[in-house]
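So the structure is just underneath, and the comments pick up after that.
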Amino acid sequence: MTQDSTIAWRLTASYRNLRHAARLVDLDVNALVIEDAAGLAANDAIPASLDCPSYFCDKAQFILILSELVRDGVRFDIALHEIEAGSGTSLAYATLHPRLDERTLALLRSLDPATAAQMTAMNDSIEAVFERLRQQITG
């Protein structure tokens with residue numbers, strides 16, 4: 001990481017699902033980033049993302065949004081990004097959820113066993129958190 005960058009969690013799902021979850025937790029929808037804003041009018045299922053921490057979203061809101069998506073059984077991705085301070089551009093990232101498929105993980109193990117083990121441990125931790133959230137929500 002450089003001095004001109006920060007680390008952020010990036011949650012990606014359909015704009016429709018993120019917008020719905022954002023409304024439920026009183027998150028300003030300006031926090032959602034859409035790659036294809038022109039296509040939004042025709043299809044609100046296009047991908048959108050939410051970074052945390054960011055100007056619009058703090059850690060508590062991020063967890064609440066995540067809880068809503070987990071509760072609703074919505075498909076989403078979570079990645080850890082290194083974000084360039086001035087432009088907001090992602091310089092590097094590591095996908096943490098969903099879990100890498102076994103073939104890709106085997107390839108990663110052959111190239112870098114330590115990183116593969118770390119990613120597996122992080123996935124296990126994330127899935128345990130999702131399970132706890134699901135249990136708390138459903139009772």
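Here, A, B, ... name the chains of the structure tokens in the order displayed, residue numbers run from 1 inside each chain, and ligands are numbered from 1 in the same displayed order.
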
Exercise: Glu102 in chain A partners within 12 Å, only C-alpha atoms, chain neighbours under 6 positions left out, as a compact mmCIF listing (two decimals) with N, CA and C atoms, in the first residue's frame:
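Produced file out_16.txt, reproduced below:
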```
# COMPACT_ATOMS: atom_id res chain seq x y z
N LEU A 108 -3.91 -21.40 -7.15
CA LEU A 108 -3.31 -20.45 -6.23
C LEU A 108 -2.42 -21.16 -5.22
N ARG A 109 -2.86 -22.32 -4.73
CA ARG A 109 -2.04 -23.09 -3.79
C ARG A 109 -0.70 -23.47 -4.40
N ALA A 116 -2.99 -18.64 -0.44
CA ALA A 116 -4.16 -19.52 -0.58
C ALA A 116 -4.71 -19.89 0.79
N THR A 120 -8.40 -18.79 2.29
CA THR A 120 -9.32 -19.81 2.79
C THR A 120 -9.76 -19.48 4.22
```

Can you list, as a CSV table (one decimal) with N, CA, C and O atoms, in the first residue's frame, all residues belonging to chain A that DSSP tags as strand (DSSP E or B)?
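Below is the file part08.csv, written as the result:
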```
chain,number,residue,atom,x,y,z
A,5,SER,N,-2.9,6.0,-0.9
A,5,SER,CA,-4.0,5.0,-1.1
A,5,SER,C,-4.6,4.6,0.3
A,5,SER,O,-3.9,4.8,1.3
A,6,THR,N,-5.8,4.0,0.2
A,6,THR,CA,-6.4,3.5,1.4
A,6,THR,C,-7.0,2.1,1.1
A,6,THR,O,-7.1,1.7,0.0
A,7,ILE,N,-7.3,1.4,2.2
A,7,ILE,CA,-7.9,0.1,2.0
A,7,ILE,C,-9.4,0.2,2.3
A,7,ILE,O,-9.8,0.8,3.2
A,8,ALA,N,-10.2,-0.4,1.4
A,8,ALA,CA,-11.6,-0.3,1.6
A,8,ALA,C,-12.2,-1.7,1.2
A,8,ALA,O,-11.7,-2.4,0.4
A,9,TRP,N,-13.3,-2.0,1.9
A,9,TRP,CA,-14.2,-3.2,1.6
A,9,TRP,C,-15.1,-2.7,0.4
A,9,TRP,O,-15.6,-1.6,0.5
A,10,ARG,N,-15.2,-3.5,-0.6
A,10,ARG,CA,-16.1,-3.2,-1.7
A,10,ARG,C,-17.2,-4.3,-1.8
A,10,ARG,O,-16.8,-5.4,-2.1
A,11,LEU,N,-18.4,-3.9,-1.6
A,11,LEU,CA,-19.5,-4.8,-1.7
A,11,LEU,C,-20.2,-4.6,-3.1
A,11,LEU,O,-20.5,-3.4,-3.4
A,12,THR,N,-20.4,-5.6,-3.8
A,12,THR,CA,-21.0,-5.5,-5.2
A,12,THR,C,-22.2,-6.4,-5.3
A,12,THR,O,-22.1,-7.6,-4.9
A,13,ALA,N,-23.3,-5.8,-5.8
A,13,ALA,CA,-24.5,-6.6,-6.0
A,13,ALA,C,-25.3,-5.8,-7.0
A,13,ALA,O,-24.8,-4.8,-7.5
A,14,SER,N,-26.5,-6.3,-7.3
A,14,SER,CA,-27.3,-5.5,-8.3
A,14,SER,C,-27.7,-4.2,-7.6
A,14,SER,O,-27.9,-4.1,-6.4
A,32,LEU,N,-23.8,4.5,-3.5
A,32,LEU,CA,-23.7,3.4,-4.4
A,32,LEU,C,-23.1,3.9,-5.7
A,32,LEU,O,-23.4,5.0,-6.3
A,33,VAL,N,-22.1,3.1,-6.2
A,33,VAL,CA,-21.4,3.5,-7.4
A,33,VAL,C,-21.9,2.6,-8.5
A,33,VAL,O,-21.9,1.3,-8.4
A,34,ILE,N,-22.3,3.2,-9.7
A,34,ILE,CA,-22.8,2.4,-10.8
A,34,ILE,C,-21.8,2.6,-12.0
A,34,ILE,O,-21.5,3.8,-12.3
A,47,PRO,N,-24.9,-4.1,-12.1
A,47,PRO,CA,-24.1,-4.1,-10.9
A,47,PRO,C,-23.9,-2.7,-10.3
A,47,PRO,O,-23.7,-1.7,-11.1
A,48,ALA,N,-23.8,-2.6,-9.0
A,48,ALA,CA,-23.5,-1.4,-8.3
A,48,ALA,C,-22.5,-1.9,-7.1
A,48,ALA,O,-22.5,-3.0,-6.8
A,49,SER,N,-21.8,-0.9,-6.6
A,49,SER,CA,-20.9,-1.2,-5.5
A,49,SER,C,-21.0,-0.2,-4.4
A,49,SER,O,-21.5,0.9,-4.6
A,50,LEU,N,-20.6,-0.6,-3.2
A,50,LEU,CA,-20.6,0.2,-2.0
A,50,LEU,C,-19.2,0.0,-1.3
A,50,LEU,O,-18.9,-1.1,-1.1
A,51,ASP,N,-18.5,1.1,-1.1
A,51,ASP,CA,-17.2,1.0,-0.5
A,51,ASP,C,-17.3,1.4,1.0
A,51,ASP,O,-18.1,2.3,1.3
A,52,CYS,N,-16.6,0.8,1.8
A,52,CYS,CA,-16.5,1.1,3.2
A,52,CYS,C,-15.1,1.0,3.7
A,52,CYS,O,-14.4,0.0,3.5
A,77,ASP,N,-20.8,-9.9,-4.0
A,77,ASP,CA,-19.4,-10.2,-3.9
A,77,ASP,C,-18.8,-9.2,-2.9
A,77,ASP,O,-19.2,-8.0,-2.8
A,78,ILE,N,-17.7,-9.6,-2.2
A,78,ILE,CA,-17.0,-8.7,-1.3
A,78,ILE,C,-15.5,-8.8,-1.7
A,78,ILE,O,-15.0,-10.0,-1.8
A,79,ALA,N,-14.9,-7.7,-1.8
A,79,ALA,CA,-13.5,-7.7,-2.1
A,79,ALA,C,-12.8,-6.6,-1.3
A,79,ALA,O,-13.4,-5.6,-0.9
A,80,LEU,N,-11.5,-6.8,-1.0
A,80,LEU,CA,-10.7,-5.8,-0.3
A,80,LEU,C,-9.9,-5.1,-1.3
A,80,LEU,O,-9.2,-5.7,-2.1
A,81,HIS,N,-10.1,-3.8,-1.4
A,81,HIS,CA,-9.5,-3.0,-2.5
A,81,HIS,C,-8.5,-2.0,-1.9
A,81,HIS,O,-8.7,-1.4,-0.8
A,82,GLU,N,-7.4,-1.8,-2.6
A,82,GLU,CA,-6.5,-0.6,-2.3
A,82,GLU,C,-7.0,0.5,-3.3
A,82,GLU,O,-7.0,0.3,-4.5
A,83,ILE,N,-7.4,1.6,-2.7
A,83,ILE,CA,-8.0,2.7,-3.5
A,83,ILE,C,-7.1,3.9,-3.5
A,83,ILE,O,-6.6,4.3,-2.5
A,84,GLU,N,-6.8,4.3,-4.7
A,84,GLU,CA,-6.0,5.5,-4.9
A,84,GLU,C,-6.8,6.7,-4.4
A,84,GLU,O,-7.9,7.0,-4.7
A,90,SER,N,-9.3,1.7,-8.1
A,90,SER,CA,-8.8,0.5,-7.4
A,90,SER,C,-7.5,0.2,-8.0
A,90,SER,O,-7.4,-0.1,-9.2
A,91,LEU,N,-6.5,0.1,-7.1
A,91,LEU,CA,-5.1,-0.2,-7.6
A,91,LEU,C,-4.9,-1.7,-7.5
A,91,LEU,O,-4.1,-2.2,-8.3
A,92,ALA,N,-5.5,-2.4,-6.5
A,92,ALA,CA,-5.3,-3.8,-6.3
A,92,ALA,C,-6.5,-4.3,-5.5
A,92,ALA,O,-7.1,-3.5,-4.8
A,93,TYR,N,-6.8,-5.6,-5.6
A,93,TYR,CA,-7.9,-6.1,-4.9
A,93,TYR,C,-7.7,-7.6,-4.7
A,93,TYR,O,-7.0,-8.3,-5.4
A,94,ALA,N,-8.4,-8.1,-3.7
A,94,ALA,CA,-8.5,-9.5,-3.4
A,94,ALA,C,-9.9,-9.9,-3.1
A,94,ALA,O,-10.6,-9.3,-2.2
A,95,THR,N,-10.5,-10.8,-3.9
A,95,THR,CA,-11.9,-11.2,-3.7
A,95,THR,C,-12.0,-12.1,-2.5
A,95,THR,O,-11.2,-13.1,-2.4
A,96,LEU,N,-12.9,-11.8,-1.6
A,96,LEU,CA,-13.0,-12.7,-0.4
A,96,LEU,C,-14.3,-13.5,-0.4
A,96,LEU,O,-14.4,-14.5,0.3
A,97,HIS,N,-15.4,-13.0,-1.0
A,97,HIS,CA,-16.6,-13.7,-1.1
A,97,HIS,C,-17.3,-13.4,-2.4
A,97,HIS,O,-17.3,-12.3,-2.8
```

Test item, alpha helix (DSSP H) assignment across chain A, answer as an MDAnalysis selection string: chainID A and resid 15:24 59:72 102:111 113:138

Here CA of Arg16 in chain A and CA of Ile65 in chain A stand apart by 12.8 Å

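Candidate residues A:Leu69, A:Leu100, A:Glu35, A:Pro53 were compared for distance to Arg19 in chain A, and the nearest is A:Leu69, using only C-alpha atoms.
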
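Across the structure, CA of Ile46 in chain A and CA of Tyr15 in chain A are spaced 5.8 Å apart.
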
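With distances restricted to only C-alpha atoms, A:Ala31 is the closest residue to Phe56 in chain A from A:Ala31, A:Ala37, A:Leu133, A:Ala117.
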
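Ranking A:Ser54, A:Gln61, A:Ser110, A:Ser67 by their shortest atom-to-atom distance to Val129 in chain A, with only C-alpha atoms included, puts A:Ser67 first.
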
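Straight-line separation from CA of Arg132 in chain A to CA of Cys57 in chain A: 22.4 Å.
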